$ cat my_file-v4.cif   # mmCIF, C-alpha atoms and all ligand atoms
data_final
loop_
_atom_site.label_atom_id
_atom_site.label_comp_id
_atom_site.auth_asym_id
_atom_site.auth_seq_id
_atom_site.Cartn_x
_atom_site.Cartn_y
_atom_site.Cartn_z
CA MET I 4 15.28 -42.66 202.85
CA PRO I 5 15.46 -39.52 200.74
CA ALA I 6 13.50 -39.19 197.50
CA VAL I 7 16.14 -38.32 194.91
CA GLY I 8 15.00 -37.42 191.42
CA VAL I 9 17.20 -37.74 188.35
CA PHE I 10 16.52 -35.21 185.59
CA ALA I 11 15.48 -37.57 182.80
CA LEU I 12 14.72 -35.58 179.64
CA GLN I 13 18.20 -36.47 178.32
CA GLY I 14 21.44 -37.95 179.61
CA ASP I 15 22.81 -40.98 181.46
CA VAL I 16 19.81 -41.30 183.76
CA ARG I 17 19.88 -45.03 184.38
CA GLU I 18 23.44 -45.05 185.73
CA HIS I 19 22.53 -42.44 188.35
CA LEU I 20 19.32 -44.28 189.30
CA HIS I 21 21.41 -47.43 189.89
CA ALA I 22 24.08 -45.62 191.89
CA LEU I 23 21.50 -43.92 194.12
CA SER I 24 19.35 -47.03 194.62
CA ALA I 25 22.43 -49.06 195.54
CA LEU I 26 23.02 -46.63 198.42
CA GLY I 27 19.44 -46.95 199.67
CA ALA I 28 17.89 -43.79 198.23
CA GLU I 29 14.45 -43.81 196.63
CA ALA I 30 15.56 -42.80 193.13
CA PHE I 31 13.19 -41.97 190.28
CA PRO I 32 13.27 -40.15 186.93
CA VAL I 33 12.01 -36.56 186.71
CA ARG I 34 10.39 -35.42 183.47
CA ARG I 35 7.63 -33.11 184.67
CA PRO I 36 7.06 -30.52 187.36
CA GLY I 37 4.89 -32.84 189.50
CA GLU I 38 7.79 -35.28 189.76
CA LEU I 39 10.13 -32.47 190.75
CA ASP I 40 7.73 -31.58 193.57
CA ARG I 41 8.31 -35.05 195.09
CA CYS I 42 12.10 -34.61 195.24
CA ASP I 43 14.08 -34.07 198.42
CA ALA I 44 17.14 -33.81 196.18
CA LEU I 45 18.04 -33.93 192.50
CA VAL I 46 20.73 -35.23 190.17
CA LEU I 47 21.47 -33.55 186.83
CA PRO I 48 23.18 -36.27 184.77
CA GLY I 49 25.78 -36.20 182.03
CA GLY I 50 24.55 -35.71 178.50
CA GLU I 51 24.47 -32.68 176.25
CA SER I 52 23.90 -29.49 178.17
CA THR I 53 22.39 -27.35 175.38
CA THR I 54 19.87 -30.09 174.56
CA MET I 55 19.07 -30.62 178.23
CA ALA I 56 18.42 -26.90 178.78
CA LYS I 57 16.23 -26.66 175.68
CA LEU I 58 14.20 -29.72 176.68
CA ALA I 59 13.85 -28.37 180.22
CA ARG I 60 12.37 -25.18 178.80
CA THR I 61 10.07 -27.07 176.37
CA PHE I 62 8.80 -29.35 179.14
CA GLU I 63 8.29 -26.38 181.50
CA LEU I 64 10.86 -27.65 183.96
CA LEU I 65 13.42 -24.86 183.67
CA GLU I 66 11.76 -22.31 185.96
CA PRO I 67 10.63 -24.92 188.53
CA LEU I 68 14.22 -26.26 188.58
CA ARG I 69 15.59 -22.75 189.15
CA GLU I 70 13.12 -22.18 191.98
CA ARG I 71 13.84 -25.45 193.77
CA ILE I 72 17.61 -25.22 193.38
CA SER I 73 17.83 -21.57 194.46
CA GLY I 74 15.45 -22.51 197.29
CA GLY I 75 18.02 -24.91 198.72
CA MET I 76 17.23 -28.35 197.28
CA PRO I 77 20.44 -30.41 197.35
CA THR I 78 21.53 -30.95 193.75
CA PHE I 79 24.37 -32.93 192.20
CA GLY I 80 25.42 -32.24 188.60
CA THR I 81 27.80 -34.46 186.63
CA CYS I 82 29.50 -33.21 183.45
CA ALA I 83 26.63 -31.65 181.44
CA GLY I 84 24.86 -31.42 184.81
CA MET I 85 27.75 -29.34 186.14
CA ILE I 86 27.36 -27.02 183.15
CA LEU I 87 23.63 -26.68 183.86
CA LEU I 88 24.33 -25.74 187.47
CA ALA I 89 26.98 -23.16 186.59
CA ASP I 90 26.13 -19.48 186.73
CA ARG I 91 28.51 -18.76 183.82
CA ILE I 92 29.73 -20.71 180.76
CA GLU I 93 32.72 -20.17 178.51
CA GLY I 94 33.03 -21.98 175.21
CA GLY I 95 29.30 -22.42 174.82
CA THR I 96 27.00 -20.88 172.29
CA ALA I 97 26.12 -17.26 173.10
CA ASP I 98 22.51 -18.06 173.90
CA GLN I 99 23.13 -21.19 175.99
CA GLU I 100 20.88 -21.14 179.03
CA THR I 101 21.70 -22.77 182.33
CA ILE I 102 19.70 -23.43 185.46
CA GLY I 103 22.41 -21.77 187.54
CA GLY I 104 22.94 -21.51 191.28
CA LEU I 105 26.58 -22.57 191.43
CA ASP I 106 28.88 -19.56 191.55
CA VAL I 107 31.42 -20.82 189.02
CA THR I 108 32.46 -20.26 185.42
CA VAL I 109 32.80 -23.53 183.52
CA ARG I 110 34.54 -24.10 180.23
CA ARG I 111 32.73 -26.61 178.03
CA ASN I 112 34.71 -29.35 176.27
CA ALA I 113 37.71 -27.90 178.09
CA PHE I 114 40.17 -30.76 177.82
CA GLY I 115 40.34 -30.45 174.06
CA ARG I 116 40.09 -32.71 171.08
CA GLN I 117 43.10 -34.96 171.65
CA VAL I 118 41.78 -35.97 175.05
CA ASP I 119 38.06 -35.99 174.25
CA SER I 120 37.72 -38.80 176.72
CA PHE I 121 40.19 -39.99 179.33
CA GLU I 122 40.38 -41.54 182.75
CA ASP I 123 42.42 -40.55 185.77
CA ASP I 124 42.75 -41.39 189.46
CA LEU I 125 42.12 -38.23 191.46
CA GLU I 126 42.58 -37.22 195.06
CA PHE I 127 39.14 -36.19 196.32
CA ALA I 128 38.63 -34.11 199.47
CA GLY I 129 37.18 -36.22 202.26
CA LEU I 130 37.95 -39.58 200.61
CA ALA I 131 40.88 -41.69 201.78
CA GLU I 132 41.49 -43.40 198.44
CA PRO I 133 41.61 -41.71 195.02
CA VAL I 134 38.52 -41.71 192.82
CA HIS I 135 38.75 -43.28 189.37
CA ALA I 136 37.36 -40.49 187.20
CA VAL I 137 35.95 -40.96 183.70
CA PHE I 138 35.90 -37.78 181.60
CA ILE I 139 33.83 -37.60 178.39
CA ARG I 140 34.03 -34.28 176.51
CA ALA I 141 34.18 -32.82 179.97
CA PRO I 142 34.12 -29.24 181.18
CA TRP I 143 36.48 -27.86 183.80
CA VAL I 144 35.90 -25.07 186.26
CA GLU I 145 37.60 -21.91 185.09
CA ARG I 146 36.79 -19.64 188.07
CA THR I 147 35.10 -20.13 191.43
CA GLY I 148 33.22 -17.65 193.60
CA PRO I 149 34.12 -17.19 197.27
CA GLY I 150 31.64 -19.76 198.61
CA VAL I 151 32.87 -22.60 196.42
CA ASP I 152 35.19 -25.37 197.65
CA VAL I 153 37.30 -27.32 195.17
CA LEU I 154 37.16 -31.04 196.01
CA ALA I 155 39.26 -32.43 193.15
CA SER I 156 41.38 -31.23 190.24
CA ALA I 157 42.70 -32.75 187.02
CA GLN I 158 45.54 -31.33 184.92
CA GLY I 159 45.59 -28.33 187.27
CA HIS I 160 41.91 -27.45 186.86
CA PRO I 161 39.06 -27.93 189.33
CA VAL I 162 36.80 -30.82 188.31
CA ALA I 163 34.78 -31.32 191.49
CA VAL I 164 33.29 -28.47 193.52
CA ARG I 165 30.85 -27.90 196.33
CA GLN I 166 28.95 -24.80 197.32
CA GLY I 167 26.57 -25.39 200.23
CA HIS I 168 23.77 -27.65 198.95
CA LEU I 169 25.28 -27.96 195.45
CA LEU I 170 27.82 -30.58 194.30
CA ALA I 171 29.23 -30.86 190.79
CA THR I 172 31.81 -33.01 189.03
CA SER I 173 33.21 -32.74 185.50
CA PHE I 174 33.54 -36.50 185.43
CA HIS I 175 31.05 -39.35 185.74
CA PRO I 176 31.05 -41.04 189.16
CA GLU I 177 27.85 -42.84 188.10
CA VAL I 178 29.58 -45.08 185.55
CA ASP I 179 31.99 -47.18 187.61
CA GLY I 180 29.92 -48.45 190.53
CA ASP I 181 32.25 -46.88 193.12
CA GLY I 182 29.46 -45.06 194.95
CA ARG I 183 31.60 -42.87 197.21
CA VAL I 184 30.84 -39.57 195.47
CA HIS I 185 27.11 -40.35 195.46
CA ARG I 186 27.45 -41.19 199.16
CA ILE I 187 28.95 -37.74 199.78
CA PHE I 188 25.90 -36.29 198.03
CA LEU I 189 23.47 -38.36 200.10
CA GLU I 190 25.27 -37.21 203.26
CA MET I 191 24.68 -33.62 202.08
CA VAL I 192 21.00 -34.50 201.60
CA ALA I 193 20.81 -35.98 205.09
CA GLY I 194 22.26 -32.68 206.30
N1 LIG K 1 29.65 -36.18 179.13
C1 LIG K 1 29.04 -35.02 179.12
O1 LIG K 1 28.10 -34.78 179.89
C2 LIG K 1 29.52 -34.05 178.11
C3 LIG K 1 29.01 -32.64 178.28
C4 LIG K 1 28.95 -31.95 176.93
N2 LIG K 1 30.26 -31.74 176.38
C5 LIG K 1 28.18 -30.65 177.08
O2 LIG K 1 28.73 -29.61 176.85
O3 LIG K 1 27.03 -30.66 177.41
#
$ encode --input "my_file-v4.cif" --output "C-alpha cells"
Amino acid sequence: MPAVGVFALQGDVREHLHALSALGAEAFPVRRPGELDRCDALVLPGGESTTMAKLARTFELLEPLRERISGGMPTFGTCAGMILLADRIEGGTADQETIGGLDVTVRRNAFGRQVDSFEDDLEFAGLAEPVHAVFIRAPWVERTGPGVDVLASAQGHPVAVRQGHLLATSFHPEVDGDGRVHRIFLEMVAG
C-alpha cells in the first residue's frame, strides 16, 4: 500500500487522513522534510493558502516540496492545496508564493461573497455518478496550459483538473466520505 503524506502545517488534515486510510493507503501527516522523504505521494489539503505557503517556508518544507513535486511525486491538492499547486494566481496578494508544478492560473475566492460556500452535484470525468462537491471560499481555474485536462466544472469554470501526476480540485472531496476522487488519486499513485 502506498505511503501517502498529508501536508499538515495547516488545513483540514484529519479529513484527508481518514479518506486515504479508508481506501487502504498508509496515510500520515507531513510537517518536516524527513516525513516528506517517506512519501510515495502527497495531499495538500484545504485551508488558507498564504498561511500554508508561509509555514512551508518557515519549516523548510517549501523547497523540498518543489523538488519532489517537480520530480514526479503524485500530488493531490484540494482548494487551498489547488492554489499551492498552481503555477499562477490571480486575486492573491502580489507576493503570494506557491509550490507550483500545475500549469494553470487559479483565481482565489473566485465564486464571490454571496456564494462564499455552496454545494453542487458535478459531473466528473471517469465517474458514472455525479460528485457532491462542497465549496468553501473556493478558487476556480481561470486558464489551463496544454497538458491539463479538465475533469469537472462548476458555473462554467473548471474546478477539477489533472496534469500527469498532479490532481487538483477547488472543492473538498475529503469532507463527505464519498471516496471516489481519492480513489482516482490512489489509482494515479499506483500508476
Ligand atoms: N477552503 C479553502 O481551502 C479556501 C482556500 C482559501 N480561500 C485560500 O485562498 O487559501
$ residues_around --input "my_file-v4.cif" --residues "range 135-150 of chain I" --least-positions-apart "3" --cutoff "7 Å" --atoms "only C-alpha atoms" --output "PyMOL selection string"
chain I and resi 82+106-114+119-125+160-162+166+173-176
$ write_last_selection --input "my_file-v4.cif" --atoms "C-alpha atoms" --output "PDB file, keeping the file's coordinate frame"
ATOM      1  CA  CYS I  82      29.500 -33.210 183.450  1.00  0.00           C
ATOM      2  CA  ASP I 106      28.880 -19.560 191.550  1.00  0.00           C
ATOM      3  CA  VAL I 107      31.420 -20.820 189.020  1.00  0.00           C
ATOM      4  CA  THR I 108      32.460 -20.260 185.420  1.00  0.00           C
ATOM      5  CA  VAL I 109      32.800 -23.530 183.520  1.00  0.00           C
ATOM      6  CA  ARG I 110      34.540 -24.100 180.230  1.00  0.00           C
ATOM      7  CA  ARG I 111      32.730 -26.610 178.030  1.00  0.00           C
ATOM      8  CA  ASN I 112      34.710 -29.350 176.270  1.00  0.00           C
ATOM      9  CA  ALA I 113      37.710 -27.900 178.090  1.00  0.00           C
ATOM     10  CA  PHE I 114      40.170 -30.760 177.820  1.00  0.00           C
ATOM     11  CA  ASP I 119      38.060 -35.990 174.250  1.00  0.00           C
ATOM     12  CA  SER I 120      37.720 -38.800 176.720  1.00  0.00           C
ATOM     13  CA  PHE I 121      40.190 -39.990 179.330  1.00  0.00           C
ATOM     14  CA  GLU I 122      40.380 -41.540 182.750  1.00  0.00           C
ATOM     15  CA  ASP I 123      42.420 -40.550 185.770  1.00  0.00           C
ATOM     16  CA  ASP I 124      42.750 -41.390 189.460  1.00  0.00           C
ATOM     17  CA  LEU I 125      42.120 -38.230 191.460  1.00  0.00           C
ATOM     18  CA  HIS I 160      41.910 -27.450 186.860  1.00  0.00           C
ATOM     19  CA  PRO I 161      39.060 -27.930 189.330  1.00  0.00           C
ATOM     20  CA  VAL I 162      36.800 -30.820 188.310  1.00  0.00           C
ATOM     21  CA  GLN I 166      28.950 -24.800 197.320  1.00  0.00           C
ATOM     22  CA  SER I 173      33.210 -32.740 185.500  1.00  0.00           C
ATOM     23  CA  PHE I 174      33.540 -36.500 185.430  1.00  0.00           C
ATOM     24  CA  HIS I 175      31.050 -39.350 185.740  1.00  0.00           C
ATOM     25  CA  PRO I 176      31.050 -41.040 189.160  1.00  0.00           C
TER      26      PRO I 176
END
$ residues_near_point --input "my_file-v4.cif" --point "(23.9, -39.9, 194.6)" --cutoff "10 Å" --atoms "all atoms listed in the file" --output "PDB file with C-alpha atoms, keeping the file's coordinate frame"
ATOM      1  CA  VAL I   7      16.140 -38.320 194.910  1.00  0.00           C
ATOM      2  CA  GLY I   8      15.000 -37.420 191.420  1.00  0.00           C
ATOM      3  CA  VAL I   9      17.200 -37.740 188.350  1.00  0.00           C
ATOM      4  CA  HIS I  19      22.530 -42.440 188.350  1.00  0.00           C
ATOM      5  CA  LEU I  20      19.320 -44.280 189.300  1.00  0.00           C
ATOM      6  CA  HIS I  21      21.410 -47.430 189.890  1.00  0.00           C
ATOM      7  CA  ALA I  22      24.080 -45.620 191.890  1.00  0.00           C
ATOM      8  CA  LEU I  23      21.500 -43.920 194.120  1.00  0.00           C
ATOM      9  CA  SER I  24      19.350 -47.030 194.620  1.00  0.00           C
ATOM     10  CA  ALA I  25      22.430 -49.060 195.540  1.00  0.00           C
ATOM     11  CA  LEU I  26      23.020 -46.630 198.420  1.00  0.00           C
ATOM     12  CA  GLY I  27      19.440 -46.950 199.670  1.00  0.00           C
ATOM     13  CA  ALA I  28      17.890 -43.790 198.230  1.00  0.00           C
ATOM     14  CA  ALA I  30      15.560 -42.800 193.130  1.00  0.00           C
ATOM     15  CA  ALA I  44      17.140 -33.810 196.180  1.00  0.00           C
ATOM     16  CA  LEU I  45      18.040 -33.930 192.500  1.00  0.00           C
ATOM     17  CA  VAL I  46      20.730 -35.230 190.170  1.00  0.00           C
ATOM     18  CA  THR I  78      21.530 -30.950 193.750  1.00  0.00           C
ATOM     19  CA  PHE I  79      24.370 -32.930 192.200  1.00  0.00           C
ATOM     20  CA  GLY I  80      25.420 -32.240 188.600  1.00  0.00           C
ATOM     21  CA  PRO I 176      31.050 -41.040 189.160  1.00  0.00           C
ATOM     22  CA  GLU I 177      27.850 -42.840 188.100  1.00  0.00           C
ATOM     23  CA  GLY I 182      29.460 -45.060 194.950  1.00  0.00           C
ATOM     24  CA  ARG I 183      31.600 -42.870 197.210  1.00  0.00           C
ATOM     25  CA  VAL I 184      30.840 -39.570 195.470  1.00  0.00           C
ATOM     26  CA  HIS I 185      27.110 -40.350 195.460  1.00  0.00           C
ATOM     27  CA  ARG I 186      27.450 -41.190 199.160  1.00  0.00           C
ATOM     28  CA  ILE I 187      28.950 -37.740 199.780  1.00  0.00           C
ATOM     29  CA  PHE I 188      25.900 -36.290 198.030  1.00  0.00           C
ATOM     30  CA  LEU I 189      23.470 -38.360 200.100  1.00  0.00           C
ATOM     31  CA  GLU I 190      25.270 -37.210 203.260  1.00  0.00           C
ATOM     32  CA  MET I 191      24.680 -33.620 202.080  1.00  0.00           C
ATOM     33  CA  VAL I 192      21.000 -34.500 201.600  1.00  0.00           C
TER      34      VAL I 192
END
$ closest_atom_pairs --input "my_file-v4.cif" --of "range 10-49 of chain I" --to "range 87-95 of chain I" --cutoff "10 Å" --atoms "only C-alpha atoms" --output "tab-separated table"
residue	atom	partner	partner_atom	distance
I:Leu47	CA	I:Leu87	CA	7.8
I:Pro48	CA	I:Leu87	CA	9.6
I:Gly49	CA	I:Leu87	CA	9.9
$ atom_distance --input "my_file-v4.cif" --atom1 "CA of Arg17 in chain I" --atom2 "CA of Ala163 in chain I"
21.5 Å
$ closest_residue --input "my_file-v4.cif" --among "I:Gly84, I:Gly167, I:Gly159, I:Gly75" --to "ligand LIG 1 (chain K)" --atoms "all atoms listed in the file"
I:Gly84
$ axis_aligned_box --input "my_file-v4.cif" --around "ligand LIG 1 (chain K)" --padding-each-side "5 Å" --output "AutoDock Vina command-line options"
--center_x 28.6 --center_y -32.9 --center_z 178.1 --size_x 13.2 --size_y 16.6 --size_z 13.5
$ atom_distance --input "my_file-v4.cif" --atom1 "CA of Val134 in chain I" --atom2 "CA of Thr81 in chain I"
14.3 Å
$ residues_around --input "my_file-v4.cif" --residues "Glu63 in chain I" --least-positions-apart "5" --cutoff "12 Å" --atoms "all atoms listed in the file" --output "PyMOL selection string"
chain I and resi 12+34-37+39+56-58+68-69
$ write_last_selection --input "my_file-v4.cif" --atoms "C-alpha atoms" --output "mmCIF file, keeping the file's coordinate frame"
data_model
loop_
_atom_site.group_PDB
_atom_site.id
_atom_site.type_symbol
_atom_site.label_atom_id
_atom_site.label_comp_id
_atom_site.auth_asym_id
_atom_site.auth_seq_id
_atom_site.Cartn_x
_atom_site.Cartn_y
_atom_site.Cartn_z
ATOM 1 C CA LEU I 12 14.720 -35.580 179.640
ATOM 2 C CA ARG I 34 10.390 -35.420 183.470
ATOM 3 C CA ARG I 35 7.630 -33.110 184.670
ATOM 4 C CA PRO I 36 7.060 -30.520 187.360
ATOM 5 C CA GLY I 37 4.890 -32.840 189.500
ATOM 6 C CA LEU I 39 10.130 -32.470 190.750
ATOM 7 C CA ALA I 56 18.420 -26.900 178.780
ATOM 8 C CA LYS I 57 16.230 -26.660 175.680
ATOM 9 C CA LEU I 58 14.200 -29.720 176.680
ATOM 10 C CA LEU I 68 14.220 -26.260 188.580
ATOM 11 C CA ARG I 69 15.590 -22.750 189.150
#
$ closest_residue --input "my_file-v4.cif" --among "I:Val164, I:Met85, I:Leu169, I:Ala11" --to "ligand LIG 1 (chain K)" --atoms "all atoms listed in the file"
I:Met85
$ closest_residue --input "my_file-v4.cif" --among "I:Arg71, I:Arg116, I:Arg60, I:Arg41" --to "ligand LIG 1 (chain K)" --atoms "all atoms listed in the file"
I:Arg116
$ closest_residue --input "my_file-v4.cif" --among "I:Leu65, I:Ile102, I:Met76, I:Ile86" --to "ligand LIG 1 (chain K)" --atoms "only C-alpha atoms and all ligand atoms"
I:Ile86
$ closest_residue --input "my_file-v4.cif" --among "I:Ala128, I:Ala157, I:Val33, I:Ala83" --to "ligand LIG 1 (chain K)" --atoms "all atoms listed in the file"
I:Ala83
$ closest_residue --input "my_file-v4.cif" --among "I:Gly103, I:Gly115, I:Gly74, I:Pro5" --to "ligand LIG 1 (chain K)" --atoms "all atoms listed in the file"
I:Gly115
$ atom_distance --input "my_file-v4.cif" --atom1 "CA of Ala6 in chain I" --atom2 "CA of Ala193 in chain I"
11.0 Å
